[in-house]
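As stored in upload.txt (compact mmCIF, C-alpha atoms and all ligand atoms):
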```txt
# COMPACT_ATOMS: atom_id res chain seq x y z
CA MET R 1436 -91.90 -119.32 -157.37
CA GLN R 1437 -89.63 -116.92 -155.51
CA ASP R 1438 -89.12 -117.47 -151.80
CA PRO R 1439 -91.18 -114.65 -150.20
CA LYS R 1440 -88.49 -114.24 -147.54
CA LEU R 1441 -85.87 -113.29 -150.11
CA PRO R 1442 -85.51 -109.69 -151.36
CA LYS R 1443 -87.51 -109.19 -154.54
CA ALA R 1444 -86.50 -107.87 -157.92
CA ALA R 1445 -87.87 -104.47 -158.93
CA THR R 1446 -91.44 -104.47 -160.19
CA GLU R 1447 -92.19 -102.79 -163.50
CA SER R 1448 -93.65 -99.82 -161.65
CA THR R 1449 -90.50 -99.42 -159.50
CA ARG R 1450 -88.26 -99.76 -162.54
CA GLN R 1451 -90.17 -97.07 -164.41
CA LYS R 1452 -90.20 -94.65 -161.49
CA ASN R 1453 -86.48 -95.10 -160.80
CA SER R 1454 -85.47 -94.84 -164.45
CA ALA R 1455 -87.53 -91.64 -164.81
CA LEU R 1456 -85.09 -90.04 -162.35
CA ASP R 1457 -82.01 -91.11 -164.26
CA GLY R 1458 -82.03 -88.04 -166.49
CA ARG R 1459 -80.75 -85.80 -163.73
CA VAL R 1460 -77.01 -85.27 -164.06
CA PHE R 1461 -75.15 -85.55 -160.81
CA ASP R 1462 -72.11 -83.40 -160.25
CA PRO R 1463 -69.04 -85.62 -160.90
CA LEU R 1464 -67.02 -83.34 -158.63
CA ASP R 1465 -68.99 -84.68 -155.66
CA LEU R 1466 -66.71 -87.70 -155.63
CA GLU R 1467 -63.66 -85.47 -155.49
CA ARG R 1468 -65.22 -83.38 -152.75
CA VAL R 1469 -66.09 -86.35 -150.60
CA ARG R 1470 -62.50 -87.63 -150.78
CA ARG R 1471 -60.91 -84.27 -150.03
CA GLY R 1472 -58.61 -84.31 -147.01
CA PHE R 1473 -58.74 -88.10 -146.64
CA ILE R 1474 -56.07 -89.42 -144.28
CA ALA R 1475 -56.93 -93.01 -143.37
CA ALA R 1476 -59.80 -95.43 -142.87
CA ARG R 1477 -60.26 -98.20 -140.31
CA THR R 1478 -58.80 -101.45 -141.58
CA GLU R 1479 -61.17 -103.51 -139.43
CA PRO R 1480 -64.71 -103.11 -140.80
CA LEU R 1481 -66.48 -104.35 -137.68
CA ILE R 1482 -67.06 -102.16 -134.62
CA VAL R 1483 -68.36 -104.08 -131.60
CA ASP R 1484 -69.62 -103.10 -128.14
CA GLN R 1485 -68.14 -104.19 -124.83
CA GLN R 1486 -70.09 -107.46 -125.01
CA ASN R 1487 -68.56 -108.10 -128.44
CA ARG R 1488 -71.88 -107.54 -130.23
CA LYS R 1489 -71.87 -105.95 -133.67
CA VAL R 1490 -72.54 -102.20 -133.64
CA ILE R 1491 -71.58 -101.31 -137.20
CA ASP R 1492 -70.02 -103.25 -140.09
CA THR R 1493 -68.74 -101.16 -142.99
CA ALA R 1494 -68.02 -104.34 -145.01
CA SER R 1495 -71.80 -104.85 -145.32
CA TYR R 1496 -71.83 -101.82 -147.59
CA ASP R 1497 -68.95 -102.82 -149.86
CA PHE R 1498 -71.50 -103.14 -152.70
CA LEU R 1499 -71.60 -99.32 -152.68
CA ARG R 1500 -67.87 -99.12 -153.32
CA ASP R 1501 -67.41 -101.48 -156.26
CA GLY R 1502 -68.35 -98.91 -158.92
CA ARG R 1503 -71.46 -100.67 -160.14
CA GLU R 1504 -74.28 -98.72 -161.80
CA CYS R 1505 -77.36 -97.86 -159.80
CA PRO R 1506 -79.54 -101.00 -159.78
CA ASP R 1507 -83.17 -100.74 -160.87
CA THR R 1508 -84.33 -101.47 -157.32
CA VAL R 1509 -82.86 -98.21 -155.98
CA ASN R 1510 -83.81 -94.58 -156.47
CA PRO R 1511 -80.78 -92.98 -158.24
CA HIS R 1512 -80.76 -90.08 -155.80
CA LEU R 1513 -80.49 -92.46 -152.85
CA TRP R 1514 -77.79 -94.44 -154.68
CA ARG R 1515 -75.74 -91.28 -155.18
CA HIS R 1516 -76.14 -90.31 -151.53
CA ALA R 1517 -75.24 -93.82 -150.37
CA THR R 1518 -72.16 -94.19 -152.57
CA LEU R 1519 -70.83 -90.83 -151.33
CA ASN R 1520 -71.56 -91.81 -147.73
CA ALA R 1521 -69.64 -95.04 -148.22
CA HIS R 1522 -66.33 -93.11 -148.23
CA HIS R 1523 -65.54 -93.60 -144.57
CA GLY R 1524 -62.48 -92.64 -142.56
CA LEU R 1525 -60.57 -89.71 -141.09
CA PHE R 1526 -60.47 -86.43 -143.02
CA ASN R 1527 -58.64 -83.15 -142.49
CA VAL R 1528 -61.29 -80.55 -143.28
CA ALA R 1529 -59.61 -77.26 -142.28
CA PRO R 1530 -56.46 -76.21 -140.44
CA ASN R 1531 -56.62 -77.84 -136.99
CA VAL R 1532 -59.98 -79.47 -137.74
CA TRP R 1533 -60.53 -83.15 -138.53
CA GLN R 1534 -63.64 -85.23 -139.04
CA VAL R 1535 -64.35 -88.95 -138.86
CA ARG R 1536 -67.16 -90.11 -141.14
CA GLY R 1537 -68.92 -93.31 -141.99
CA TYR R 1538 -68.85 -95.25 -138.71
CA ASP R 1539 -72.17 -94.00 -137.40
CA ILE R 1540 -75.26 -92.30 -138.76
CA SER R 1541 -73.63 -88.91 -138.05
CA ASN R 1542 -70.10 -87.43 -138.16
CA ILE R 1543 -67.72 -86.54 -135.33
CA THR R 1544 -65.36 -83.56 -135.47
CA PHE R 1545 -62.10 -82.92 -133.62
CA VAL R 1546 -60.65 -79.43 -133.18
CA ARG R 1547 -57.11 -79.04 -131.88
CA GLY R 1548 -57.15 -77.16 -128.57
CA GLU R 1549 -54.12 -76.01 -126.57
CA LYS R 1550 -54.06 -79.11 -124.37
CA GLY R 1551 -56.26 -81.63 -126.12
CA TRP R 1552 -59.15 -82.30 -128.49
CA VAL R 1553 -62.37 -80.31 -128.55
CA VAL R 1554 -64.88 -82.88 -129.78
CA ILE R 1555 -67.98 -81.76 -131.64
CA ASP R 1556 -70.92 -84.22 -131.65
CA PRO R 1557 -69.70 -87.55 -130.27
CA LEU R 1558 -71.96 -89.80 -132.40
CA THR R 1559 -74.67 -92.24 -131.23
CA ALA R 1560 -72.72 -95.04 -129.59
CA ASP R 1561 -69.73 -95.18 -127.24
CA SER R 1562 -68.03 -97.78 -129.42
CA THR R 1563 -68.21 -95.78 -132.67
CA ALA R 1564 -67.04 -92.60 -130.89
CA ARG R 1565 -64.17 -94.53 -129.26
CA ALA R 1566 -63.19 -96.02 -132.64
CA SER R 1567 -63.14 -92.49 -134.11
CA LEU R 1568 -60.95 -91.20 -131.29
CA GLU R 1569 -58.60 -94.16 -131.82
CA LEU R 1570 -58.38 -93.34 -135.53
CA ILE R 1571 -57.33 -89.72 -134.96
CA SER R 1572 -55.02 -90.76 -132.11
CA ARG R 1573 -53.23 -93.17 -134.43
CA HIS R 1574 -52.98 -90.96 -137.51
CA VAL R 1575 -52.79 -87.41 -136.14
CA GLU R 1576 -51.96 -87.27 -132.44
CA GLN R 1577 -52.91 -88.87 -129.15
CA ARG R 1578 -54.33 -86.15 -126.88
CA PRO R 1579 -56.84 -85.95 -124.03
CA VAL R 1580 -60.38 -84.76 -124.76
CA THR R 1581 -60.69 -81.39 -123.02
CA ALA R 1582 -64.19 -80.44 -124.21
CA VAL R 1583 -67.24 -81.93 -125.85
CA ILE R 1584 -69.78 -79.79 -127.68
CA TYR R 1585 -73.29 -81.10 -128.36
CA THR R 1586 -74.71 -79.08 -131.24
CA HIS R 1587 -78.26 -80.23 -130.55
CA SER R 1588 -80.50 -82.60 -128.66
CA HIS R 1589 -80.70 -85.55 -131.08
CA ALA R 1590 -79.12 -88.79 -129.85
CA ASP R 1591 -76.75 -89.20 -132.80
CA HIS R 1592 -74.99 -86.03 -131.60
CA PHE R 1593 -74.41 -86.93 -127.95
CA GLY R 1594 -75.03 -90.68 -127.44
CA GLY R 1595 -71.39 -91.75 -127.82
CA VAL R 1596 -70.00 -89.27 -125.29
CA LEU R 1597 -68.67 -92.00 -123.00
CA GLY R 1598 -66.51 -93.18 -125.89
CA VAL R 1599 -64.47 -89.96 -125.83
CA THR R 1600 -64.56 -88.92 -122.16
CA SER R 1601 -65.76 -90.15 -118.75
CA THR R 1602 -67.98 -88.88 -115.97
CA GLU R 1603 -64.87 -88.80 -113.76
CA ASP R 1604 -63.03 -86.47 -116.14
CA VAL R 1605 -66.08 -84.22 -116.47
CA GLU R 1606 -66.71 -84.10 -112.70
CA ALA R 1607 -63.03 -83.35 -112.08
CA GLY R 1608 -63.14 -80.46 -114.56
CA ARG R 1609 -60.68 -82.08 -116.95
CA CYS R 1610 -63.35 -82.07 -119.70
CA GLN R 1611 -66.18 -79.59 -120.07
CA VAL R 1612 -69.44 -80.38 -121.86
CA ILE R 1613 -71.11 -77.53 -123.73
CA ALA R 1614 -74.65 -77.57 -125.13
CA PRO R 1615 -77.37 -75.17 -126.27
CA GLN R 1616 -79.94 -73.86 -123.82
CA GLY R 1617 -82.66 -76.42 -123.05
CA PHE R 1618 -80.53 -79.33 -124.28
CA LEU R 1619 -81.06 -81.69 -121.36
CA HIS R 1620 -84.82 -81.15 -121.19
CA GLU R 1621 -85.24 -81.77 -124.91
CA ALA R 1622 -82.87 -84.75 -125.03
CA ILE R 1623 -84.83 -86.46 -122.24
CA ALA R 1624 -88.20 -85.49 -123.74
CA GLU R 1625 -87.35 -87.03 -127.10
CA ASN R 1626 -85.27 -90.02 -126.12
CA VAL R 1627 -86.76 -91.07 -122.76
CA ILE R 1628 -90.31 -89.73 -122.44
CA ALA R 1629 -91.01 -90.37 -126.14
CA GLY R 1630 -88.27 -93.00 -126.37
CA VAL R 1631 -90.37 -96.10 -127.10
CA ALA R 1632 -92.31 -94.40 -129.87
CA MET R 1633 -89.09 -92.90 -131.24
CA SER R 1634 -87.36 -96.27 -131.36
CA ARG R 1635 -90.29 -97.84 -133.15
CA ARG R 1636 -90.45 -95.03 -135.65
CA ALA R 1637 -86.69 -95.22 -136.22
CA ALA R 1638 -87.06 -98.89 -137.19
CA TYR R 1639 -89.27 -97.82 -140.11
CA GLN R 1640 -87.42 -94.59 -140.79
CA PHE R 1641 -83.88 -95.95 -141.03
CA GLY R 1642 -84.56 -99.59 -141.98
CA PRO R 1643 -82.05 -101.27 -139.63
CA LEU R 1644 -83.89 -104.61 -139.82
CA LEU R 1645 -83.26 -104.94 -143.56
CA ALA R 1646 -80.17 -106.81 -144.71
CA PRO R 1647 -77.69 -104.50 -146.51
CA GLY R 1648 -77.70 -104.91 -150.28
CA PRO R 1649 -79.09 -103.49 -153.53
CA ARG R 1650 -82.40 -105.20 -152.78
CA GLY R 1651 -82.35 -104.43 -149.08
CA HIS R 1652 -80.79 -101.67 -147.01
CA VAL R 1653 -78.85 -99.14 -149.07
CA ASP R 1654 -78.57 -96.10 -146.80
CA SER R 1655 -80.42 -94.59 -143.87
CA GLY R 1656 -80.84 -91.28 -145.65
CA LEU R 1657 -78.28 -89.75 -143.28
CA GLY R 1658 -75.21 -91.96 -142.87
CA ASN R 1659 -75.09 -95.45 -144.33
CA SER R 1660 -76.55 -97.16 -141.27
CA THR R 1661 -77.57 -96.72 -137.65
CA PRO R 1662 -75.39 -98.29 -134.94
CA THR R 1663 -77.10 -101.01 -132.93
CA ALA R 1664 -76.26 -99.77 -129.44
CA ALA R 1665 -77.91 -97.70 -126.73
CA PRO R 1666 -76.81 -94.06 -126.38
CA SER R 1667 -75.13 -92.68 -123.28
CA LEU R 1668 -75.33 -89.14 -121.90
CA ILE R 1669 -73.33 -86.79 -119.73
CA ALA R 1670 -75.22 -83.65 -118.70
CA PRO R 1671 -73.76 -80.37 -119.96
CA THR R 1672 -71.52 -78.44 -117.59
CA ARG R 1673 -72.16 -75.25 -119.54
CA GLU R 1674 -75.26 -74.20 -121.44
CA ILE R 1675 -75.08 -71.51 -124.10
CA SER R 1676 -77.88 -69.10 -123.28
CA PHE R 1677 -77.68 -66.26 -125.81
CA THR R 1678 -76.52 -65.57 -129.34
CA GLY R 1679 -73.13 -63.91 -129.41
CA GLU R 1680 -71.99 -65.71 -126.26
CA GLU R 1681 -68.27 -66.30 -126.54
CA LEU R 1682 -66.10 -68.88 -124.83
CA LEU R 1683 -62.45 -69.77 -124.84
CA VAL R 1684 -62.57 -73.56 -124.98
CA ASP R 1685 -59.13 -75.06 -124.39
CA GLY R 1686 -57.66 -72.03 -126.13
CA VAL R 1687 -60.12 -72.17 -129.04
CA ARG R 1688 -62.22 -69.02 -129.26
CA ILE R 1689 -65.82 -69.88 -130.12
CA ILE R 1690 -68.76 -67.54 -130.69
CA PHE R 1691 -72.17 -69.20 -130.47
CA GLN R 1692 -75.51 -68.56 -132.09
CA LEU R 1693 -78.62 -70.19 -130.67
CA THR R 1694 -80.90 -71.67 -133.32
CA PRO R 1695 -83.75 -73.34 -131.40
CA GLU R 1696 -86.61 -74.94 -133.34
CA THR R 1697 -84.55 -75.45 -136.48
CA GLU R 1698 -83.61 -79.12 -136.91
CA ALA R 1699 -84.04 -79.81 -133.19
CA PRO R 1700 -85.78 -77.96 -130.37
CA ALA R 1701 -82.45 -77.14 -128.68
CA GLU R 1702 -79.74 -76.33 -131.19
CA MET R 1703 -76.89 -73.93 -131.96
CA ASN R 1704 -74.37 -72.88 -134.57
CA PHE R 1705 -70.94 -71.52 -133.83
CA PHE R 1706 -67.99 -69.81 -135.37
CA SER R 1707 -64.34 -70.02 -134.37
CA PRO R 1708 -61.96 -67.21 -135.36
CA THR R 1709 -59.12 -69.25 -133.82
CA THR R 1710 -59.29 -72.09 -136.30
CA ALA R 1711 -58.72 -70.01 -139.42
CA GLY R 1712 -62.28 -68.75 -139.41
CA PHE R 1713 -63.78 -72.22 -139.14
CA ALA R 1714 -67.55 -71.87 -139.01
CA TRP R 1715 -69.94 -74.57 -137.90
CA PRO R 1716 -73.35 -73.54 -139.12
CA ARG R 1717 -74.82 -76.82 -138.07
CA THR R 1718 -78.29 -76.25 -139.37
CA ALA R 1719 -77.02 -75.72 -142.89
CA ARG R 1720 -74.23 -78.20 -143.36
CA THR R 1721 -74.51 -81.47 -141.53
CA ARG R 1722 -75.84 -84.70 -142.83
CA CYS R 1723 -78.60 -84.74 -140.30
CA THR R 1724 -80.23 -81.52 -141.35
CA ILE R 1725 -79.68 -81.96 -145.04
CA SER R 1726 -81.51 -85.23 -144.94
CA CYS R 1727 -84.25 -83.58 -142.94
CA ARG R 1728 -84.93 -81.65 -146.07
CA PHE R 1729 -85.15 -84.85 -148.05
CA ALA R 1730 -87.47 -86.33 -145.49
CA GLY R 1731 -89.57 -83.23 -145.01
CA ARG R 1732 -90.52 -83.89 -141.41
CA TRP R 1733 -88.09 -85.46 -139.05
CA CYS R 1734 -88.17 -84.61 -135.37
CA ALA R 1735 -90.65 -86.29 -133.06
CA THR R 1736 -91.18 -83.37 -130.73
CA ARG R 1737 -92.76 -80.04 -131.52
CA SER R 1738 -89.83 -78.99 -133.66
CA THR R 1739 -90.02 -80.42 -137.15
CA GLY R 1740 -87.92 -80.37 -140.28
CA ARG R 1741 -90.34 -77.88 -141.80
CA ASN R 1742 -88.47 -74.99 -140.28
CA THR R 1743 -85.07 -76.11 -141.35
CA SER R 1744 -84.87 -75.01 -144.94
CA THR R 1745 -86.35 -71.60 -144.37
CA ARG R 1746 -84.83 -70.76 -141.02
CA ALA R 1747 -81.41 -72.32 -141.17
CA SER R 1748 -79.03 -69.51 -140.58
CA ILE R 1749 -75.34 -68.98 -141.01
CA TYR R 1750 -73.32 -66.92 -138.63
CA SER R 1751 -71.70 -64.09 -140.49
CA PRO R 1752 -68.36 -63.26 -138.90
CA LYS R 1753 -68.05 -60.02 -140.88
CA LYS R 1754 -71.33 -58.56 -139.74
CA GLN R 1755 -71.14 -60.25 -136.33
CA THR R 1756 -74.72 -61.23 -136.87
CA SER R 1757 -76.65 -63.97 -138.59
CA CYS R 1758 -78.10 -64.16 -142.04
CA SER R 1759 -80.75 -66.37 -143.49
CA CYS R 1760 -79.60 -69.02 -145.93
CA ARG R 1761 -81.99 -71.11 -147.88
CA THR R 1762 -80.37 -74.11 -149.51
CA THR R 1763 -81.76 -77.13 -151.22
CA GLY R 1764 -80.83 -80.60 -150.04
CA ARG R 1765 -78.69 -81.17 -153.10
CA ASP R 1766 -76.77 -77.96 -152.75
CA GLY R 1767 -76.42 -78.67 -149.08
CA VAL R 1768 -74.81 -82.05 -149.68
CA ALA R 1769 -72.42 -80.57 -152.21
CA LYS R 1770 -71.49 -77.76 -149.86
CA MET R 1771 -71.06 -80.08 -146.97
CA PHE R 1772 -68.56 -82.22 -148.80
CA ALA R 1773 -66.88 -79.15 -150.23
CA ILE R 1774 -66.28 -77.72 -146.81
CA PHE R 1775 -66.21 -80.69 -144.50
ZN ZN P 1801 -80.50 -84.03 -135.70
```
Could you quickly redo this structure as structure tokens?
Amino acid sequence: MQDPKLPKAATESTRQKNSALDGRVFDPLDLERVRRGFIAARTEPLIVDQQNRKVIDTASYDFLRDGRECPDTVNPHLWRHATLNAHHGLFNVAPNVWQVRGYDISNITFVRGEKGWVVIDPLTADSTARASLELISRHVEQRPVTAVIYTHSHADHFGGVLGVTSTEDVEAGRCQVIAPQGFLHEAIAENVIAGVAMSRRAAYQFGPLLAPGPRGHVDSGLGNSTPTAAPSLIAPTREISFTGEELLVDGVRIIFQLTPETEAPAEMNFFSPTTAGFAWPRTARTRCTISCRFAGRWCATRSTGRNTSTRASIYSPKKQTSCSCRTTGRDGVAKMFAIF
């Protein structure tokens, strides 16, 4: 008899349900898209915190990189998502724009400013954000972080801020922190006031207690896995309060669009004419939101994923206004990897 503590083989019912999904043809170009702009990956798979405790271990997900077929224990759609997510490292995604993927549940972006890096969404944990900054410092250029932009109030988009800057640098004005209106209130509401319930839900939602493997944890539905570390927070020094608000951030011109109640209660998109027309319509093209569509409902507070697919909007630089864009999760993933 099988040890009940060991992961089980697929039951007949699971096998049938998973194989029924096999008929869908996945776009083979997705693999090409996900590798586009690749520069380098970390050679050390383990990222640890300051007490030397494991935060993330990319080697645990090597089974996603060995080219094996989708096992009968895993939904083929999740397998596809997970194997694409497993391509971690530093990527050049547009002129003067780089992204580090695969070391946290979300991605971190670096835009070249006049004096330093403008960092967009510094991940969940200080250690994963610091590892990302080290990667771009080593392979592109070592520069100070002159600005941090939080696109929205979810912890995987601000919790690693102390890995890329410090309270001293922010208080001295060497680094500004920009966020959408209502950010601090919503971040505290969701992660402190509702924090215990959120943490408990996340344990079911993302499966961090399962051992990685084809019969255990395959992917969180966003990135491969959640980092096991507490988030940090630096309060914004500048809140974006209206759509069309424009800032010059370390020489990078950015025009913002507020999108509250989309994937998070406090959220924004933005567009930068400086970086070759680089647009960051966050609600349409990040892992977080795309997976919200898979999950249906996501956020714990009054904003839910239900609004995301119908109200996600893309800033239109030509019209200087916003237009509605309804995308499916699958298209969204393809577009994300095509562009970022
Ligand atoms: Zn989010």
Between CA of Thr1709 in chain R and CA of Pro1530 in chain R - distance in Å to one decimal: 10.0 Å
Distance of CA of Thr1663 in chain R from CA of Ala1445 in chain R, expressed in Å to one decimal place: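 Computed distance, CA of Ala1445 in chain R to CA of Thr1663 in chain R, equals 28.4 Å.
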R:Phe1473, R:Ala1521, R:Arg1573, R:Gln1692 ranked by distance to Ala1494 in chain R, top pick (using only C-alpha atoms):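 That would be R:Ala1521, the residue with the smallest distance to Ala1494 in chain R.
If all atoms listed in the file are the atoms counted, then among R:Ser1588, R:Gln1451, R:Thr1563, R:Asn1704 the closest residue to ligand ZN 1801 (chain P) is R:Ser1588.
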Nearest-residue call for ligand ZN 1801 (chain P), choices R:Pro1506, R:Gly1594, R:Gly1651, R:Pro1671, using all atoms listed in the file: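 The closest residue to ligand ZN 1801 (chain P) is R:Gly1594.
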Between CA of Ser1676 in chain R and CA of Val1583 in chain R, distance in Å (one decimal): 16.9 Å
Spatial neighbours of Leu1519 in chain R, 12 Å, all atoms listed in the file, chain gap at least 5 places, as number ranges by chain: R: 1461-1471, 1496, 1499-1500, 1502, 1512-1514, 1536-1537, 1653-1654, 1656-1659, 1722, 1768-1769, 1771-1772
